[in-house]
Every structure is written in C-alpha cells, then in structure tokens.
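Q: What follows is structure.pdb, PDB, C-alpha atoms.
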```
ATOM      1  CA  MET H  32       0.000   0.000   0.000  1.00  0.00           C
ATOM      2  CA  LEU H  33       1.260   3.467  -0.855  1.00  0.00           C
ATOM      3  CA  GLY H  34       3.030   5.112   2.102  1.00  0.00           C
ATOM      4  CA  SER H  35       2.987   2.074   4.383  1.00  0.00           C
ATOM      5  CA  GLU H  36       6.799   1.927   4.626  1.00  0.00           C
ATOM      6  CA  VAL H  37       7.036   5.661   5.205  1.00  0.00           C
ATOM      7  CA  ASP H  38       4.446   5.382   7.982  1.00  0.00           C
ATOM      8  CA  ALA H  39       6.553   2.722   9.710  1.00  0.00           C
ATOM      9  CA  ILE H  40       9.677   4.894   9.454  1.00  0.00           C
ATOM     10  CA  ASN H  41       7.817   7.936  10.783  1.00  0.00           C
ATOM     11  CA  GLN H  42       6.451   5.889  13.695  1.00  0.00           C
ATOM     12  CA  ARG H  43       9.958   4.662  14.564  1.00  0.00           C
ATOM     13  CA  GLN H  44      11.261   8.245  14.499  1.00  0.00           C
ATOM     14  CA  GLU H  45       8.407   9.359  16.746  1.00  0.00           C
ATOM     15  CA  ASP H  46       9.154   6.548  19.222  1.00  0.00           C
ATOM     16  CA  ASN H  47      12.845   7.491  19.274  1.00  0.00           C
ATOM     17  CA  ALA H  48      11.944  11.140  19.841  1.00  0.00           C
ATOM     18  CA  GLU H  49       9.842  10.129  22.855  1.00  0.00           C
ATOM     19  CA  GLN H  50      12.817   8.247  24.313  1.00  0.00           C
ATOM     20  CA  ALA H  51      15.090  11.239  23.691  1.00  0.00           C
ATOM     21  CA  LYS H  52      12.932  13.295  26.053  1.00  0.00           C
ATOM     22  CA  PHE H  53      14.235  11.089  28.876  1.00  0.00           C
ATOM     23  CA  ILE H  54      17.902  12.069  28.374  1.00  0.00           C
ATOM     24  CA  VAL H  55      19.486  14.399  30.915  1.00  0.00           C
ATOM     25  CA  TYR H  56      22.370  16.004  29.029  1.00  0.00           C
ATOM     26  CA  MET H  57      25.812  17.010  30.336  1.00  0.00           C
ATOM     27  CA  HIS H  58      25.013  20.704  29.952  1.00  0.00           C
ATOM     28  CA  GLU H  59      22.125  20.329  32.422  1.00  0.00           C
ATOM     29  CA  PHE H  60      24.614  19.920  35.303  1.00  0.00           C
ATOM     30  CA  GLU H  61      26.871  22.460  36.948  1.00  0.00           C
ATOM     31  CA  ILE H  62      29.404  22.523  39.746  1.00  0.00           C
ATOM     32  CA  ASN H  63      28.276  23.805  43.126  1.00  0.00           C
ATOM     33  CA  LEU H  64      31.158  26.018  44.231  1.00  0.00           C
ATOM     34  CA  GLN H  65      29.684  26.996  47.578  1.00  0.00           C
ATOM     35  CA  GLU H  66      31.961  26.192  50.463  1.00  0.00           C
ATOM     36  CA  ASP H  67      31.041  25.563  54.073  1.00  0.00           C
ATOM     37  CA  PRO H  68      33.301  27.821  56.182  1.00  0.00           C
ATOM     38  CA  ALA H  69      32.655  25.637  59.260  1.00  0.00           C
ATOM     39  CA  ARG H  70      34.732  22.881  57.684  1.00  0.00           C
ATOM     40  CA  ARG H  71      38.015  24.776  58.080  1.00  0.00           C
ATOM     41  CA  ALA H  72      39.681  26.865  60.755  1.00  0.00           C
ATOM     42  CA  ALA H  73      39.131  30.627  60.781  1.00  0.00           C
ATOM     43  CA  GLY H  74      41.476  32.442  58.439  1.00  0.00           C
ATOM     44  CA  LYS H  75      42.709  29.249  56.796  1.00  0.00           C
ATOM     45  CA  LYS H  76      42.590  29.129  53.009  1.00  0.00           C
ATOM     46  CA  ALA H  77      40.527  26.521  51.208  1.00  0.00           C
ATOM     47  CA  ILE H  78      42.395  23.479  49.922  1.00  0.00           C
ATOM     48  CA  SER H  79      41.009  24.036  46.428  1.00  0.00           C
ATOM     49  CA  LEU H  80      38.334  25.980  44.611  1.00  0.00           C
ATOM     50  CA  PHE H  81      36.198  22.842  44.600  1.00  0.00           C
ATOM     51  CA  ASP H  82      35.697  22.289  48.322  1.00  0.00           C
ATOM     52  CA  TYR H  83      32.359  20.489  48.047  1.00  0.00           C
ATOM     53  CA  VAL H  84      29.769  20.274  50.774  1.00  0.00           C
ATOM     54  CA  GLY H  85      26.346  18.818  51.276  1.00  0.00           C
ATOM     55  CA  GLU H  86      24.615  15.500  50.964  1.00  0.00           C
ATOM     56  CA  VAL H  87      21.937  16.754  48.583  1.00  0.00           C
ATOM     57  CA  ARG H  88      24.444  17.521  45.847  1.00  0.00           C
ATOM     58  CA  PRO H  89      27.017  14.725  45.710  1.00  0.00           C
ATOM     59  CA  HIS H  90      30.521  16.088  45.282  1.00  0.00           C
ATOM     60  CA  GLY H  91      29.257  19.566  44.476  1.00  0.00           C
ATOM     61  CA  LEU H  92      27.238  18.674  41.401  1.00  0.00           C
ATOM     62  CA  ARG H  93      23.784  20.063  40.886  1.00  0.00           C
ATOM     63  CA  LEU H  94      21.322  20.556  38.081  1.00  0.00           C
ATOM     64  CA  THR H  95      21.129  23.900  36.332  1.00  0.00           C
ATOM     65  CA  PRO H  96      17.756  25.682  36.522  1.00  0.00           C
ATOM     66  CA  ALA H  97      16.876  24.303  33.073  1.00  0.00           C
ATOM     67  CA  GLY H  98      18.049  20.854  34.178  1.00  0.00           C
ATOM     68  CA  GLU H  99      15.849  21.067  37.282  1.00  0.00           C
ATOM     69  CA  ASP H 100      12.839  21.915  35.107  1.00  0.00           C
ATOM     70  CA  HIS H 101      13.638  19.020  32.776  1.00  0.00           C
ATOM     71  CA  VAL H 102      13.982  16.457  35.577  1.00  0.00           C
ATOM     72  CA  ARG H 103      10.822  17.808  37.233  1.00  0.00           C
ATOM     73  CA  GLN H 104       8.930  17.212  33.957  1.00  0.00           C
ATOM     74  CA  LEU H 105      10.399  13.705  33.753  1.00  0.00           C
ATOM     75  CA  ALA H 106       9.298  12.990  37.326  1.00  0.00           C
ATOM     76  CA  THR H 107       5.776  14.150  36.538  1.00  0.00           C
ATOM     77  CA  ARG H 108       5.590  11.922  33.468  1.00  0.00           C
ATOM     78  CA  LEU H 109       7.024   8.909  35.289  1.00  0.00           C
ATOM     79  CA  ARG H 110       4.796   9.371  38.316  1.00  0.00           C
ATOM     80  CA  ASP H 111       1.537  10.219  36.526  1.00  0.00           C
ATOM     81  CA  GLN H 112       1.758   7.823  33.577  1.00  0.00           C
ATOM     82  CA  PRO H 113       2.558   4.392  35.025  1.00  0.00           C
ATOM     83  CA  THR H 114       0.976   2.660  32.042  1.00  0.00           C
ATOM     84  CA  LEU H 115       3.634   3.566  29.482  1.00  0.00           C
ATOM     85  CA  ASP H 116       4.143   0.847  26.852  1.00  0.00           C
ATOM     86  CA  LEU H 117       7.766   0.284  27.775  1.00  0.00           C
ATOM     87  CA  THR H 118       9.414   0.582  31.147  1.00  0.00           C
ATOM     88  CA  PRO H 119      10.827   4.087  30.828  1.00  0.00           C
ATOM     89  CA  GLN H 120      14.470   4.669  31.459  1.00  0.00           C
ATOM     90  CA  VAL H 121      16.059   7.985  32.253  1.00  0.00           C
ATOM     91  CA  PHE H 122      19.432   8.362  30.600  1.00  0.00           C
ATOM     92  CA  VAL H 123      22.221  10.507  32.006  1.00  0.00           C
ATOM     93  CA  GLU H 124      24.493  11.469  29.142  1.00  0.00           C
ATOM     94  CA  ARG H 125      27.954   9.973  29.551  1.00  0.00           C
ATOM     95  CA  SER H 126      30.644  12.604  30.031  1.00  0.00           C
ATOM     96  CA  ASN H 127      33.298  12.944  27.369  1.00  0.00           C
ATOM     97  CA  THR H 128      35.024  16.182  28.336  1.00  0.00           C
ATOM     98  CA  SER H 129      37.230  15.174  31.265  1.00  0.00           C
ATOM     99  CA  LYS H 130      40.981  15.707  31.462  1.00  0.00           C
ATOM    100  CA  ARG H 131      43.429  12.932  32.230  1.00  0.00           C
ATOM    101  CA  TRP H 132      46.487  14.307  33.927  1.00  0.00           C
ATOM    102  CA  GLU H 133      48.678  11.354  32.952  1.00  0.00           C
ATOM    103  CA  THR H 134      48.345  12.286  29.259  1.00  0.00           C
ATOM    104  CA  GLU H 135      50.823  14.587  27.569  1.00  0.00           C
ATOM    105  CA  HIS H 136      48.566  17.532  26.700  1.00  0.00           C
ATOM    106  CA  HIS H 137      45.713  17.144  29.245  1.00  0.00           C
ATOM    107  CA  TYR H 138      43.022  17.621  26.606  1.00  0.00           C
ATOM    108  CA  PRO H 139      39.438  17.414  27.960  1.00  0.00           C
ATOM    109  CA  VAL H 140      38.338  14.582  25.674  1.00  0.00           C
ATOM    110  CA  HIS H 141      38.066  11.590  28.014  1.00  0.00           C
ATOM    111  CA  PHE H 142      35.248   9.690  29.715  1.00  0.00           C
ATOM    112  CA  ASN H 143      34.887   9.933  33.500  1.00  0.00           C
ATOM    113  CA  GLU H 144      32.904   7.097  35.057  1.00  0.00           C
ATOM    114  CA  GLN H 145      33.081   8.542  38.574  1.00  0.00           C
ATOM    115  CA  LEU H 146      31.612  11.867  37.423  1.00  0.00           C
ATOM    116  CA  ASP H 147      28.914  10.000  35.502  1.00  0.00           C
ATOM    117  CA  GLU H 148      27.945   8.095  38.638  1.00  0.00           C
ATOM    118  CA  TYR H 149      27.734  11.354  40.633  1.00  0.00           C
ATOM    119  CA  ARG H 150      25.442  12.830  37.971  1.00  0.00           C
ATOM    120  CA  ARG H 151      23.297   9.709  38.066  1.00  0.00           C
ATOM    121  CA  GLU H 152      23.006  10.001  41.859  1.00  0.00           C
ATOM    122  CA  VAL H 153      21.837  13.609  41.542  1.00  0.00           C
ATOM    123  CA  VAL H 154      19.099  12.643  39.069  1.00  0.00           C
ATOM    124  CA  VAL H 155      18.001   9.664  41.191  1.00  0.00           C
ATOM    125  CA  GLU H 156      17.788  11.842  44.285  1.00  0.00           C
ATOM    126  CA  VAL H 157      15.715  14.505  42.537  1.00  0.00           C
ATOM    127  CA  LEU H 158      13.344  11.941  40.992  1.00  0.00           C
ATOM    128  CA  GLU H 159      12.861  10.252  44.370  1.00  0.00           C
ATOM    129  CA  SER H 160      12.143  13.613  45.990  1.00  0.00           C
ATOM    130  CA  TYR H 161       9.316  14.062  43.452  1.00  0.00           C
ATOM    131  CA  GLY H 162       7.820  10.661  44.274  1.00  0.00           C
ATOM    132  CA  VAL H 163       9.226   8.389  41.560  1.00  0.00           C
ATOM    133  CA  VAL H 164       9.364   5.016  43.292  1.00  0.00           C
ATOM    134  CA  ASP H 165      11.924   3.008  41.270  1.00  0.00           C
ATOM    135  CA  ALA H 166      14.193   5.894  40.315  1.00  0.00           C
ATOM    136  CA  ASP H 167      17.398   4.055  41.195  1.00  0.00           C
ATOM    137  CA  SER H 168      16.634   1.220  38.780  1.00  0.00           C
ATOM    138  CA  MET H 169      15.366   3.560  36.044  1.00  0.00           C
ATOM    139  CA  VAL H 170      18.328   5.935  35.789  1.00  0.00           C
ATOM    140  CA  VAL H 171      21.268   4.718  33.719  1.00  0.00           C
ATOM    141  CA  VAL H 172      24.388   6.320  32.275  1.00  0.00           C
ATOM    142  CA  ALA H 173      24.677   6.016  28.513  1.00  0.00           C
ATOM    143  CA  PRO H 174      25.783   8.027  25.492  1.00  0.00           C
ATOM    144  CA  ALA H 175      23.078  10.350  24.225  1.00  0.00           C
ATOM    145  CA  PHE H 176      21.728   8.743  21.084  1.00  0.00           C
ATOM    146  CA  PRO H 177      20.556  11.893  19.261  1.00  0.00           C
ATOM    147  CA  THR H 178      23.680  13.382  17.752  1.00  0.00           C
ATOM    148  CA  GLY H 179      24.223  17.102  17.658  1.00  0.00           C
ATOM    149  CA  LEU H 180      25.800  19.157  14.931  1.00  0.00           C
ATOM    150  CA  GLU H 181      29.529  19.568  14.517  1.00  0.00           C
ATOM    151  CA  ALA H 182      30.784  23.166  14.641  1.00  0.00           C
ATOM    152  CA  THR H 183      31.108  23.429  10.858  1.00  0.00           C
ATOM    153  CA  GLU H 184      27.613  21.986  10.335  1.00  0.00           C
ATOM    154  CA  ALA H 185      26.108  24.393  12.870  1.00  0.00           C
ATOM    155  CA  ALA H 186      27.853  27.362  11.255  1.00  0.00           C
ATOM    156  CA  ALA H 187      26.618  26.311   7.804  1.00  0.00           C
ATOM    157  CA  ALA H 188      23.045  25.846   9.088  1.00  0.00           C
ATOM    158  CA  PHE H 189      23.136  29.285  10.744  1.00  0.00           C
ATOM    159  CA  GLU H 190      24.495  30.917   7.594  1.00  0.00           C
ATOM    160  CA  ASN H 191      21.878  29.152   5.495  1.00  0.00           C
ATOM    161  CA  SER H 192      19.055  30.345   7.756  1.00  0.00           C
ATOM    162  CA  ILE H 193      20.301  33.947   7.650  1.00  0.00           C
ATOM    163  CA  TYR H 194      20.704  33.852   3.883  1.00  0.00           C
ATOM    164  CA  THR H 195      17.283  32.239   3.332  1.00  0.00           C
ATOM    165  CA  GLN H 196      15.473  34.682   5.613  1.00  0.00           C
ATOM    166  CA  GLY H 197      17.245  37.605   4.003  1.00  0.00           C
ATOM    167  CA  ALA H 198      16.320  36.437   0.502  1.00  0.00           C
ATOM    168  CA  ILE H 199      12.687  35.966   1.469  1.00  0.00           C
ATOM    169  CA  GLY H 200      12.581  39.352   3.167  1.00  0.00           C
ATOM    170  CA  ARG H 201      14.173  41.110   0.191  1.00  0.00           C
ATOM    171  CA  GLY H 202      11.903  39.291  -2.221  1.00  0.00           C
ATOM    172  CA  SER H 203       8.741  40.277  -0.407  1.00  0.00           C
ATOM    173  CA  ARG H 204       9.841  43.895  -0.074  1.00  0.00           C
ATOM    174  CA  ALA H 205      10.870  44.061  -3.711  1.00  0.00           C
ATOM    175  CA  GLY H 206       7.446  42.804  -4.725  1.00  0.00           C
ATOM    176  CA  ALA H 207       5.735  45.353  -2.493  1.00  0.00           C
ATOM    177  CA  ASN H 208       7.694  48.255  -4.019  1.00  0.00           C
ATOM    178  CA  ARG H 209       6.576  47.513  -7.557  1.00  0.00           C
TER     179      ARG H 209
END
```
Starting from the file, lay out its structure as structure tokens.
A:
Amino acid sequence: MLGSEVDAINQRQEDNAEQAKFIVYMHEFEINLQEDPARRAAGKKAISLFDYVGEVRPHGLRLTPAGEDHVRQLATRLRDQPTLDLTPQVFVERSNTSKRWETEHHYPVHFNEQLDEYRREVVVEVLESYGVVDADSMVVVAPAFPTGLEATEAAAAFENSIYTQGAIGRGSRAGANR
C-alpha cells in the first residue's frame, strides 16, 4: 500500500523522539562552588576551589535551573503515567570532556565514570524527591543517542538560515515596491 513503509519509518522516528525526552544532558549539570566555612579553621585558606559540601548535591554537582525543570517534567511523566508501553528509562548522558592528567597535553576529551555516577546520583535523588518510586533502577548512564551538529555543520546551518530569511525578506519587499 502506498506510504505504508514511510508510515513505519515515521512511527519509529516518533518513538525514538519520545525516548530522547528522557535524556538528561551534560550541559544540564553544573558545579556547586559553595563552600562551608565551618569545615576549616578561621582564616585558613581553602584546599582548592572545589571544596564540596552537602549531601543533597554529591561532590558539588547540581542541576542547572533548566536541568531542574527538565527532571521535574520527567518525574511528573514517570509518576503520573505508570501505564507507558515500555518501562521508561532515564538516561544521564555519559561525560566525554574530562581531562586525564597522565596524558601529555591534558586535553578534555576523556570519559569519567566517577563523574557520571555522581550525575546519576543527583538525578536519582531529585526523581525520588518528586515521588518516583523506582528511580534508582530507572536511571542509567549512557551516550546520548541523538547526535548534535559539529561546529562546521552548525555554522553552515546558521548561515543558510540567515541567507534564506534575508532572501525571502528582500523578495517580499521588492514585490511590495513595484
């Protein structure tokens, strides 16, 4: 039947898009730089800039305001829609921008399993605080499956959108002036 294969492809893309809503990306986390002055003697300098405190934010990690909104929406969906077709999983995007000090140039291009586990703990804790019962078994660390644009692709897309909008705008004005 005409369009039956296209319908199946579109349905698969829609299903994948639904799963992508359950990914908490790296950029939705930030470092909590607040330091508890009670942890050190008066007048003594901090050991490092990253003197983490608090049980709520493991090792100083927390969600950004946009990340908090995203996880809150996930919690609402998980809590209010228990009859989803598949058991939903929340994915924490695996980090790939950590430095390794034993390398020659210390480029931030490496995975960091410990950081990933801390991020997972933050998401689990927030989901549990919003009433998601099995949050610990639902949250996993994995690479984000939707791929973003490379820098050159993003620049080309931006240029194309500017050029296209400009051409449309000039064309409509030129027609109006005649």
Q: So how far away is CA of Arg131 in chain H from CA of Gly179 in chain H, in Å?
A: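 The value is 24.5 Å.
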Q: One decimal, Å: what's the distance from CA of Thr107 in chain H over to CA of Glu49 in chain H, could you say?
A: 14.8 Å
Q: State, in Å with one decimal place, the distance from CA of Tyr149 in chain H to CA of Leu105 in chain H.
A: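 One can read the CA of Tyr149 in chain H to CA of Leu105 in chain H distance as 18.8 Å.
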Q: Quick one: residues within 9 Å of Ala166 in chain H, all atoms listed in the file counted, chain neighbours fewer than 5 positions away excluded, as a PyMOL selection string?
A: chain H and resi 120-121+154-156+158-159
Q: May I ask which of the residues H:Met57, H:Val163, H:Ala106, H:Ala173 is the closest one to Phe122 in chain H, counting all atoms listed in the file?
A: H:Ala173
